[in-house]
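These notes concern the structure reproduced below.
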Amino acid sequence: MTPFVFPGISTRVVFGEGTLAQTGDELRRLGASHALVLTTPEQDAAGETLAKQLGDLAAGTFAEAAMHTPVEVTARALDAYDAAGADCVVALGGGSTIGLGKAIATRRGCDQVAIPTTYAGSEMTDILGETENGEKTTRRDPSIRPETVIYDVALTLDLPVDMSVKSALNAAAHAVEAIYAPDANPVTTLMSLDALRAIKAALPDLRKSPRDAQIRARLLYGAWLCSTALGYVAMSLHHKLAHVVGGSFDMPHANTHAILLPHTAHFNETGTAALDPVAEIFGGSVGGGLWDLAEASGAPLRLADLGLSEADLDRASEIALKNEYENPRPFDQKDIRDLLQAAWEGRRPDA
Ligand code: NAD
């Protein structure tokens, strides 16, 4: 057996339907008495309702969370936090809102309760990506990880289907890379495999029954597992490529992940036995099975549809080779160029 380190899982998790009502109890458990409730402008009403339910436990609301955690938004949020005399934050929303909660918590040393409403999976991690003058920097630190996460299936029932599908495939990408991560351990691997089973079982039926609580519960359960795995291991080729295509060519983050995943997984399944249990889940082919899942779920399949030109693929493969990073299978520029070509055309890998 390969030696491993299991660092433990430090975040308390409350999972169920209607669990939002337990937010007050969870705050008291942390010893907090003045929580600043964070949302995006779009989820403002949900934040106000939660603050009302919390009564004296709420110090106020701040509804300006934005994609990629811009530092100027964090500065305004810190002013609001200080002015309200807050002693903790409650982040109600997707990865953007949870990112803002992390940015405040790491600067003020306060506790956080994260209440995710998408499957993106920031809530269980010690990772914070922030943007300043258009530049994104990412760091890891124990002070960034939320103390408590409340998963409430009811909050996900109205998450638009297209966003749900992309968000779930984004989560699946964390699970796939966690399995062959250089610092993987048996617990993150077990979690990742069960996450992939849950997502595979639930995602294709979502479009037919978007408000089915059983389907939503399975997806949220899968999202929890994916986020946990992401929070304890390093990511490889897939995340690097998604970052290059998304960042350097301004392609939408979730679509890019969803489209690339079958292709990066296909490339790596031929380089590591670690993905063999994933192949079992996906009918013998990780890349082919993930592509079938994406197609059956109505996910985007072609980078060409995002507006990326074929000529951009040369530059993307050059940029992708600039930095060294761990990957179970070695690659050169031609490998990356071929992988991107397949993703650009939307071909089923393994075909
Ligand atoms: P998001 O948080 O930006 O949300 C997108 C929009 O959907 C927002 O307007 C939001 O208010 C709305 N929304 C959220 N939940 C909803 C719901 N249930 N119903 C209706 N509308 C809803 O998007 P996201 O995909 O959750 O997060 C993406 C961000 O998270 C990216 O910046 C990404 O880098 C980050 N992320 C970080 C980590 C990490 O570990 N640091 C992990 C994963 C993602």
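The chains in the structure tokens are called A, B, ... from first to last as shown; in each chain the residues are counted from 1, and the ligands are counted from 1 in the order shown.
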Close residues to ligand 1 using only C-alpha atoms and all ligand atoms, limit 7 Å, as a PyMOL selection string
chain A and resi 39-43+66-69+93-97+99+117-123+125-129+155-160+167+231+254
Could those selected residues go to a file with N, CA, C and O atoms, as a compact mmCIF listing (two decimals), in the first residue's frame?
```txt
# COMPACT_ATOMS: atom_id res chain seq x y z
N THR A 39 -24.20 38.09 0.72
CA THR A 39 -24.80 37.52 -0.49
C THR A 39 -24.31 38.32 -1.70
O THR A 39 -23.64 39.35 -1.54
N THR A 40 -24.70 37.86 -2.89
CA THR A 40 -24.55 38.68 -4.10
C THR A 40 -25.77 39.62 -4.16
O THR A 40 -26.76 39.38 -3.44
N PRO A 41 -25.75 40.62 -5.05
CA PRO A 41 -26.95 41.45 -5.21
C PRO A 41 -28.16 40.60 -5.62
O PRO A 41 -29.28 40.87 -5.19
N GLU A 42 -27.92 39.56 -6.44
CA GLU A 42 -29.04 38.72 -6.93
C GLU A 42 -29.70 37.93 -5.81
O GLU A 42 -30.87 37.56 -5.90
N GLN A 43 -28.96 37.63 -4.74
CA GLN A 43 -29.52 36.83 -3.64
C GLN A 43 -29.78 37.68 -2.39
O GLN A 43 -29.92 37.15 -1.27
N ALA A 66 -19.07 39.44 -5.46
CA ALA A 66 -18.91 39.41 -6.92
C ALA A 66 -17.91 38.32 -7.31
O ALA A 66 -17.07 37.90 -6.50
N MET A 67 -18.02 37.88 -8.57
CA MET A 67 -17.16 36.82 -9.12
C MET A 67 -15.67 37.15 -8.90
O MET A 67 -15.26 38.30 -9.09
N HIS A 68 -14.89 36.16 -8.53
CA HIS A 68 -13.43 36.23 -8.39
C HIS A 68 -12.95 37.14 -7.26
O HIS A 68 -11.81 37.60 -7.25
N THR A 69 -13.83 37.44 -6.29
CA THR A 69 -13.46 38.15 -5.06
C THR A 69 -12.55 39.37 -5.31
O THR A 69 -11.38 39.39 -4.89
N GLY A 93 -24.68 31.62 -0.51
CA GLY A 93 -24.61 31.75 -1.97
C GLY A 93 -23.64 30.78 -2.60
O GLY A 93 -23.28 29.76 -2.00
N GLY A 94 -23.18 31.12 -3.79
CA GLY A 94 -22.24 30.27 -4.51
C GLY A 94 -20.80 30.59 -4.16
O GLY A 94 -20.52 31.25 -3.14
N GLY A 95 -19.89 30.14 -5.03
CA GLY A 95 -18.46 30.32 -4.77
C GLY A 95 -18.05 31.77 -4.60
O GLY A 95 -17.11 32.06 -3.85
N SER A 96 -18.73 32.69 -5.26
CA SER A 96 -18.35 34.10 -5.16
C SER A 96 -18.61 34.64 -3.75
O SER A 96 -17.77 35.33 -3.16
N THR A 97 -19.77 34.32 -3.21
CA THR A 97 -20.12 34.80 -1.87
C THR A 97 -19.26 34.12 -0.81
O THR A 97 -18.79 34.77 0.14
N GLY A 99 -16.32 33.01 -1.28
CA GLY A 99 -14.99 33.62 -1.43
C GLY A 99 -14.89 34.91 -0.62
O GLY A 99 -13.88 35.17 0.05
N THR A 117 -25.18 27.50 -2.19
CA THR A 117 -26.42 27.34 -2.97
C THR A 117 -26.14 26.89 -4.40
O THR A 117 -27.03 26.88 -5.24
N THR A 118 -24.86 26.57 -4.69
CA THR A 118 -24.49 25.96 -5.98
C THR A 118 -23.63 24.74 -5.65
O THR A 118 -23.39 24.43 -4.48
N TYR A 119 -23.12 24.08 -6.71
CA TYR A 119 -22.30 22.89 -6.50
C TYR A 119 -20.81 23.20 -6.71
O TYR A 119 -19.99 22.29 -6.77
N ALA A 120 -20.45 24.49 -6.83
CA ALA A 120 -19.08 24.86 -7.21
C ALA A 120 -18.03 24.31 -6.24
O ALA A 120 -16.95 23.90 -6.66
N GLY A 121 -18.32 24.35 -4.94
CA GLY A 121 -17.45 23.64 -4.00
C GLY A 121 -16.35 24.43 -3.35
O GLY A 121 -15.29 23.91 -3.05
N SER A 122 -16.58 25.70 -3.07
CA SER A 122 -15.56 26.48 -2.36
C SER A 122 -15.63 26.27 -0.84
O SER A 122 -14.64 26.45 -0.13
N GLU A 123 -16.81 25.87 -0.36
CA GLU A 123 -17.10 25.92 1.08
C GLU A 123 -16.21 25.06 1.98
O GLU A 123 -15.97 25.40 3.12
N THR A 125 -13.01 24.24 1.40
CA THR A 125 -11.58 24.37 1.10
C THR A 125 -10.89 25.50 1.86
O THR A 125 -11.52 26.42 2.36
N ASP A 126 -9.56 25.40 1.87
CA ASP A 126 -8.72 26.45 2.46
C ASP A 126 -8.11 27.31 1.34
O ASP A 126 -7.05 27.87 1.49
N ILE A 127 -8.82 27.37 0.20
CA ILE A 127 -8.31 28.07 -0.99
C ILE A 127 -9.07 29.37 -1.19
O ILE A 127 -10.31 29.39 -1.13
N LEU A 128 -8.33 30.45 -1.44
CA LEU A 128 -8.97 31.74 -1.74
C LEU A 128 -8.31 32.34 -2.98
O LEU A 128 -7.10 32.55 -3.01
N GLY A 129 -9.14 32.60 -4.00
CA GLY A 129 -8.66 33.31 -5.19
C GLY A 129 -9.20 34.73 -5.13
O GLY A 129 -10.40 34.94 -4.90
N LEU A 155 -32.36 25.07 -0.74
CA LEU A 155 -31.79 26.27 -1.36
C LEU A 155 -31.33 26.03 -2.79
O LEU A 155 -31.04 26.97 -3.52
N THR A 156 -31.24 24.76 -3.19
CA THR A 156 -30.74 24.45 -4.53
C THR A 156 -31.86 24.14 -5.53
O THR A 156 -31.60 23.98 -6.71
N LEU A 157 -33.10 24.05 -5.04
CA LEU A 157 -34.20 23.63 -5.93
C LEU A 157 -34.39 24.57 -7.12
O LEU A 157 -34.80 24.14 -8.19
N ASP A 158 -34.09 25.86 -6.90
CA ASP A 158 -34.31 26.84 -7.97
C ASP A 158 -33.02 27.25 -8.69
O ASP A 158 -33.04 28.20 -9.49
N LEU A 159 -31.94 26.58 -8.40
CA LEU A 159 -30.71 26.88 -9.13
C LEU A 159 -30.95 26.51 -10.60
O LEU A 159 -31.31 25.37 -10.90
N PRO A 160 -30.83 27.47 -11.52
CA PRO A 160 -31.17 27.18 -12.93
C PRO A 160 -30.45 25.92 -13.44
O PRO A 160 -29.30 25.68 -13.08
N SER A 167 -22.10 23.46 -12.94
CA SER A 167 -21.55 23.49 -11.59
C SER A 167 -21.25 22.07 -11.10
O SER A 167 -20.21 21.82 -10.49
N GLY A 231 -10.44 20.35 -0.97
CA GLY A 231 -9.87 21.08 0.16
C GLY A 231 -8.64 20.46 0.77
O GLY A 231 -8.00 21.06 1.62
N ALA A 254 -17.17 27.96 -15.77
CA ALA A 254 -17.88 26.69 -15.58
C ALA A 254 -18.01 25.93 -16.89
O ALA A 254 -17.84 24.70 -16.94
```
All strand (DSSP E) residues (DSSP, backbone) inside range 139-324 of chain A, as a list in words:
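So, restricting range 139-324 of chain A to strand (DSSP E), we get Arg139, Arg140, Thr148, Val149, Ile150, Tyr151 and Asp152 of chain A.
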Could you list, with a cut-off of 12 Å and counting only C-alpha atoms, the residues of range 234-271 of chain A near range 298-307 of chain A, each shown with its nearest atom pair and the distance in Å rounded to one decimal, rows sorted by chain and ascending number, as a tab-separated table?
```
residue	atom	partner	partner_atom	distance
A:Ala242	CA	A:Leu303	CA	11.1
A:Val245	CA	A:Leu303	CA	9.3
A:Gly246	CA	A:Leu306	CA	10.4
A:Phe249	CA	A:Gly307	CA	9.5
A:Asp250	CA	A:Leu306	CA	9.8
A:Met251	CA	A:Leu306	CA	6.8
A:Pro252	CA	A:Leu306	CA	7.9
A:His253	CA	A:Leu306	CA	10.8
A:Ala254	CA	A:Pro300	CA	9.9
A:Asn255	CA	A:Pro300	CA	6.5
A:Thr256	CA	A:Leu303	CA	7.2
A:His257	CA	A:Pro300	CA	9.9
A:Ala258	CA	A:Pro300	CA	7.0
A:Ile259	CA	A:Leu301	CA	5.0
A:Leu260	CA	A:Leu303	CA	8.2
A:Leu261	CA	A:Leu301	CA	9.9
A:Pro262	CA	A:Leu301	CA	9.4
A:His263	CA	A:Leu301	CA	10.5
```
With all heavy atoms retained, write the just-selected residues as a CSV table (one decimal), in the first residue's frame.
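Wrote out.csv, looks like this:
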```
chain,number,residue,atom,x,y,z
A,242,ALA,N,-7.9,24.5,-17.7
A,242,ALA,CA,-9.2,25.3,-17.5
A,242,ALA,C,-8.8,26.7,-17.2
A,242,ALA,O,-9.4,27.7,-17.7
A,242,ALA,CB,-10.1,24.7,-16.4
A,245,VAL,N,-7.4,28.3,-20.5
A,245,VAL,CA,-8.4,28.6,-21.5
A,245,VAL,C,-9.4,29.7,-20.9
A,245,VAL,O,-9.7,30.7,-21.6
A,245,VAL,CB,-9.2,27.4,-21.9
A,245,VAL,CG1,-10.4,27.7,-22.8
A,245,VAL,CG2,-8.3,26.4,-22.6
A,246,GLY,N,-9.7,29.6,-19.7
A,246,GLY,CA,-10.7,30.5,-19.0
A,246,GLY,C,-10.0,31.9,-18.9
A,246,GLY,O,-10.6,32.9,-19.2
A,249,PHE,N,-8.2,33.5,-22.4
A,249,PHE,CA,-9.0,33.8,-23.5
A,249,PHE,C,-10.4,34.2,-23.1
A,249,PHE,O,-11.4,34.3,-23.9
A,249,PHE,CB,-9.1,32.5,-24.4
A,249,PHE,CG,-7.8,32.1,-24.9
A,249,PHE,CD1,-7.0,31.2,-24.2
A,249,PHE,CD2,-7.3,32.6,-26.1
A,249,PHE,CE1,-5.7,30.9,-24.7
A,249,PHE,CE2,-6.1,32.2,-26.6
A,249,PHE,CZ,-5.3,31.4,-25.9
A,250,ASP,N,-10.5,34.5,-21.8
A,250,ASP,CA,-11.8,35.1,-21.3
A,250,ASP,C,-13.0,34.2,-21.5
A,250,ASP,O,-14.1,34.7,-21.9
A,250,ASP,CB,-12.0,36.5,-21.9
A,250,ASP,CG,-12.8,37.3,-20.9
A,250,ASP,OD1,-12.9,37.0,-19.7
A,250,ASP,OD2,-13.4,38.3,-21.4
A,251,MET,N,-12.8,32.9,-21.4
A,251,MET,CA,-13.9,32.0,-21.6
A,251,MET,C,-14.6,31.7,-20.3
A,251,MET,O,-14.0,31.8,-19.2
A,251,MET,CB,-13.4,30.6,-22.1
A,251,MET,CG,-12.7,30.7,-23.5
A,251,MET,SD,-14.0,31.0,-24.7
A,251,MET,CE,-13.2,32.3,-25.6
A,252,PRO,N,-16.0,31.5,-20.3
A,252,PRO,CA,-16.7,31.3,-19.0
A,252,PRO,C,-16.1,30.1,-18.3
A,252,PRO,O,-16.0,29.0,-18.8
A,252,PRO,CB,-18.1,31.1,-19.5
A,252,PRO,CG,-18.1,30.9,-20.9
A,252,PRO,CD,-16.8,31.4,-21.5
A,253,HIS,N,-15.8,30.3,-17.0
A,253,HIS,CA,-15.2,29.3,-16.1
A,253,HIS,C,-15.9,28.0,-16.1
A,253,HIS,O,-15.3,26.9,-16.4
A,253,HIS,CB,-15.2,30.0,-14.7
A,253,HIS,CG,-14.7,29.2,-13.6
A,253,HIS,ND1,-13.4,29.1,-13.2
A,253,HIS,CD2,-15.4,28.4,-12.7
A,253,HIS,CE1,-13.2,28.3,-12.2
A,253,HIS,NE2,-14.4,27.9,-11.8
A,254,ALA,N,-17.2,28.0,-15.8
A,254,ALA,CA,-17.9,26.7,-15.6
A,254,ALA,C,-18.0,25.9,-16.9
A,254,ALA,O,-17.8,24.7,-16.9
A,254,ALA,CB,-19.2,26.9,-15.0
A,255,ASN,N,-18.3,26.6,-18.0
A,255,ASN,CA,-18.4,26.0,-19.3
A,255,ASN,C,-17.1,25.3,-19.7
A,255,ASN,O,-17.1,24.2,-20.2
A,255,ASN,CB,-18.8,27.0,-20.4
A,255,ASN,CG,-20.1,27.7,-20.1
A,255,ASN,OD1,-20.3,28.2,-19.0
A,255,ASN,ND2,-21.0,27.7,-21.1
A,256,THR,N,-16.0,26.1,-19.5
A,256,THR,CA,-14.7,25.6,-19.9
A,256,THR,C,-14.4,24.3,-19.1
A,256,THR,O,-13.9,23.3,-19.7
A,256,THR,CB,-13.6,26.7,-19.5
A,256,THR,OG1,-14.0,27.9,-20.1
A,256,THR,CG2,-12.3,26.3,-20.0
A,257,HIS,N,-14.6,24.3,-17.8
A,257,HIS,CA,-14.4,23.1,-17.0
A,257,HIS,C,-15.2,21.9,-17.5
A,257,HIS,O,-14.7,20.8,-17.7
A,257,HIS,CB,-14.8,23.3,-15.6
A,257,HIS,CG,-13.7,23.8,-14.7
A,257,HIS,ND1,-12.7,23.0,-14.2
A,257,HIS,CD2,-13.5,25.1,-14.2
A,257,HIS,CE1,-11.9,23.8,-13.5
A,257,HIS,NE2,-12.3,25.0,-13.5
A,258,ALA,N,-16.5,22.2,-17.8
A,258,ALA,CA,-17.4,21.1,-18.2
A,258,ALA,C,-16.9,20.5,-19.5
A,258,ALA,O,-17.0,19.3,-19.7
A,258,ALA,CB,-18.8,21.7,-18.3
A,259,ILE,N,-16.5,21.4,-20.5
A,259,ILE,CA,-16.1,20.9,-21.8
A,259,ILE,C,-14.8,20.1,-21.7
A,259,ILE,O,-14.6,19.1,-22.4
A,259,ILE,CB,-16.0,22.0,-22.8
A,259,ILE,CG1,-17.4,22.7,-23.0
A,259,ILE,CG2,-15.4,21.6,-24.1
A,259,ILE,CD1,-17.4,24.0,-23.8
A,260,LEU,N,-13.8,20.6,-20.9
A,260,LEU,CA,-12.5,20.0,-20.9
A,260,LEU,C,-12.5,18.7,-20.2
A,260,LEU,O,-11.6,17.8,-20.5
A,260,LEU,CB,-11.5,21.0,-20.3
A,260,LEU,CG,-11.0,22.2,-21.1
A,260,LEU,CD1,-10.1,23.0,-20.3
A,260,LEU,CD2,-10.3,21.7,-22.4
A,261,LEU,N,-13.3,18.5,-19.1
A,261,LEU,CA,-13.2,17.4,-18.2
A,261,LEU,C,-13.1,16.0,-18.9
A,261,LEU,O,-12.2,15.3,-18.6
A,261,LEU,CB,-14.3,17.4,-17.2
A,261,LEU,CG,-14.3,16.2,-16.2
A,261,LEU,CD1,-13.0,16.2,-15.4
A,261,LEU,CD2,-15.5,16.2,-15.3
A,262,PRO,N,-14.0,15.7,-19.9
A,262,PRO,CA,-13.8,14.3,-20.5
A,262,PRO,C,-12.5,14.2,-21.2
A,262,PRO,O,-11.9,13.0,-21.2
A,262,PRO,CB,-15.0,14.3,-21.5
A,262,PRO,CG,-15.9,15.4,-21.1
A,262,PRO,CD,-15.1,16.4,-20.4
A,263,HIS,N,-11.9,15.2,-21.7
A,263,HIS,CA,-10.7,15.1,-22.5
A,263,HIS,C,-9.5,15.0,-21.6
A,263,HIS,O,-8.6,14.2,-21.8
A,263,HIS,CB,-10.6,16.3,-23.4
A,263,HIS,CG,-11.8,16.4,-24.3
A,263,HIS,ND1,-11.9,15.6,-25.5
A,263,HIS,CD2,-13.0,17.0,-24.2
A,263,HIS,CE1,-13.1,15.8,-26.0
A,263,HIS,NE2,-13.8,16.7,-25.3
```
Pick from A:Thr106, A:Arg28, A:Ile281, A:Ala91, whichever lies nearest to Asp44 in chain A using only C-alpha atoms
A:Ala91
Check which residues of range 128-174 of chain A sit at most 12 Å from range 11-26 of chain A using only C-alpha atoms, and return one row each with the closest pair of atoms and their distance in Å to one decimal, ordered by chain and rising number, as CSV.
```
residue,atom,partner,partner_atom,distance
A:Pro142,CA,A:Thr11,CA,10.9
A:Ser143,CA,A:Thr11,CA,11.8
A:Ile144,CA,A:Thr11,CA,11.4
A:Arg145,CA,A:Thr11,CA,7.7
A:Pro146,CA,A:Thr11,CA,6.6
A:Glu147,CA,A:Thr11,CA,5.1
A:Thr148,CA,A:Arg12,CA,4.7
A:Val149,CA,A:Val13,CA,4.9
A:Ile150,CA,A:Val14,CA,4.8
A:Tyr151,CA,A:Phe15,CA,4.7
A:Asp152,CA,A:Glu17,CA,5.0
A:Val153,CA,A:Glu17,CA,4.8
A:Ala154,CA,A:Glu17,CA,5.5
A:Leu155,CA,A:Gly18,CA,8.3
A:Thr156,CA,A:Glu17,CA,9.9
A:Leu157,CA,A:Glu17,CA,10.4
```
Could the residues in this selection be saved with N, CA, C and O atoms as a PDB file, in the first residue's frame?
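Written out: part_32.pdb:
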```pdb
ATOM      1  N   PRO A 142      -4.975  27.834   6.529  1.00  0.00           N
ATOM      2  CA  PRO A 142      -6.010  27.269   7.399  1.00  0.00           C
ATOM      3  C   PRO A 142      -7.069  28.301   7.821  1.00  0.00           C
ATOM      4  O   PRO A 142      -8.233  27.943   8.048  1.00  0.00           O
ATOM      5  N   SER A 143      -6.692  29.588   7.900  1.00  0.00           N
ATOM      6  CA  SER A 143      -7.647  30.612   8.339  1.00  0.00           C
ATOM      7  C   SER A 143      -8.738  30.867   7.292  1.00  0.00           C
ATOM      8  O   SER A 143      -9.721  31.553   7.555  1.00  0.00           O
ATOM      9  N   ILE A 144      -8.541  30.322   6.086  1.00  0.00           N
ATOM     10  CA  ILE A 144      -9.492  30.548   4.988  1.00  0.00           C
ATOM     11  C   ILE A 144     -10.654  29.549   5.037  1.00  0.00           C
ATOM     12  O   ILE A 144     -11.752  29.831   4.572  1.00  0.00           O
ATOM     13  N   ARG A 145     -10.434  28.398   5.668  1.00  0.00           N
ATOM     14  CA  ARG A 145     -11.442  27.341   5.633  1.00  0.00           C
ATOM     15  C   ARG A 145     -12.601  27.623   6.593  1.00  0.00           C
ATOM     16  O   ARG A 145     -12.376  27.891   7.776  1.00  0.00           O
ATOM     17  N   PRO A 146     -13.849  27.590   6.112  1.00  0.00           N
ATOM     18  CA  PRO A 146     -14.994  27.836   7.010  1.00  0.00           C
ATOM     19  C   PRO A 146     -15.059  26.814   8.154  1.00  0.00           C
ATOM     20  O   PRO A 146     -14.711  25.651   7.976  1.00  0.00           O
ATOM     21  N   GLU A 147     -15.512  27.291   9.319  1.00  0.00           N
ATOM     22  CA  GLU A 147     -15.632  26.407  10.487  1.00  0.00           C
ATOM     23  C   GLU A 147     -16.832  25.479  10.327  1.00  0.00           C
ATOM     24  O   GLU A 147     -16.804  24.318  10.732  1.00  0.00           O
ATOM     25  N   THR A 148     -17.922  26.029   9.764  1.00  0.00           N
ATOM     26  CA  THR A 148     -19.170  25.262   9.657  1.00  0.00           C
ATOM     27  C   THR A 148     -19.751  25.444   8.259  1.00  0.00           C
ATOM     28  O   THR A 148     -19.739  26.559   7.723  1.00  0.00           O
ATOM     29  N   VAL A 149     -20.265  24.355   7.693  1.00  0.00           N
ATOM     30  CA  VAL A 149     -20.962  24.447   6.407  1.00  0.00           C
ATOM     31  C   VAL A 149     -22.358  23.857   6.581  1.00  0.00           C
ATOM     32  O   VAL A 149     -22.513  22.744   7.102  1.00  0.00           O
ATOM     33  N   ILE A 150     -23.350  24.627   6.175  1.00  0.00           N
ATOM     34  CA  ILE A 150     -24.735  24.146   6.223  1.00  0.00           C
ATOM     35  C   ILE A 150     -25.190  23.894   4.793  1.00  0.00           C
ATOM     36  O   ILE A 150     -25.237  24.818   3.974  1.00  0.00           O
ATOM     37  N   TYR A 151     -25.479  22.637   4.482  1.00  0.00           N
ATOM     38  CA  TYR A 151     -26.011  22.290   3.162  1.00  0.00           C
ATOM     39  C   TYR A 151     -27.518  22.124   3.305  1.00  0.00           C
ATOM     40  O   TYR A 151     -27.975  21.246   4.049  1.00  0.00           O
ATOM     41  N   ASP A 152     -28.264  22.956   2.609  1.00  0.00           N
ATOM     42  CA  ASP A 152     -29.723  22.858   2.647  1.00  0.00           C
ATOM     43  C   ASP A 152     -30.217  22.589   1.222  1.00  0.00           C
ATOM     44  O   ASP A 152     -30.154  23.475   0.354  1.00  0.00           O
ATOM     45  N   VAL A 153     -30.722  21.377   1.003  1.00  0.00           N
ATOM     46  CA  VAL A 153     -31.186  20.982  -0.332  1.00  0.00           C
ATOM     47  C   VAL A 153     -32.229  21.974  -0.863  1.00  0.00           C
ATOM     48  O   VAL A 153     -32.253  22.285  -2.061  1.00  0.00           O
ATOM     49  N   ALA A 154     -33.055  22.501   0.028  1.00  0.00           N
ATOM     50  CA  ALA A 154     -34.130  23.411  -0.392  1.00  0.00           C
ATOM     51  C   ALA A 154     -33.574  24.645  -1.115  1.00  0.00           C
ATOM     52  O   ALA A 154     -34.226  25.190  -2.013  1.00  0.00           O
ATOM     53  N   LEU A 155     -32.364  25.066  -0.745  1.00  0.00           N
ATOM     54  CA  LEU A 155     -31.786  26.269  -1.361  1.00  0.00           C
ATOM     55  C   LEU A 155     -31.331  26.025  -2.793  1.00  0.00           C
ATOM     56  O   LEU A 155     -31.035  26.966  -3.518  1.00  0.00           O
ATOM     57  N   THR A 156     -31.239  24.761  -3.187  1.00  0.00           N
ATOM     58  CA  THR A 156     -30.741  24.446  -4.534  1.00  0.00           C
ATOM     59  C   THR A 156     -31.858  24.141  -5.528  1.00  0.00           C
ATOM     60  O   THR A 156     -31.598  23.979  -6.712  1.00  0.00           O
ATOM     61  N   LEU A 157     -33.097  24.052  -5.044  1.00  0.00           N
ATOM     62  CA  LEU A 157     -34.198  23.629  -5.928  1.00  0.00           C
ATOM     63  C   LEU A 157     -34.386  24.572  -7.115  1.00  0.00           C
ATOM     64  O   LEU A 157     -34.804  24.141  -8.193  1.00  0.00           O
TER      65      LEU A 157
END
```
Using only C-alpha atoms, which residues sit within 12 Å of range 325-335 of chain A once same-chain residues fewer than 6 positions away are excluded, as JSON, numbers by chain?
{"A": [176, 177, 178, 179, 180, 181, 182, 183, 184, 233, 234, 235, 236, 237, 238, 239, 240, 241, 263, 264, 265, 266, 267, 268, 269, 270, 271, 272, 273, 274, 275, 313, 314, 315, 316, 317, 318, 319, 341, 342]}
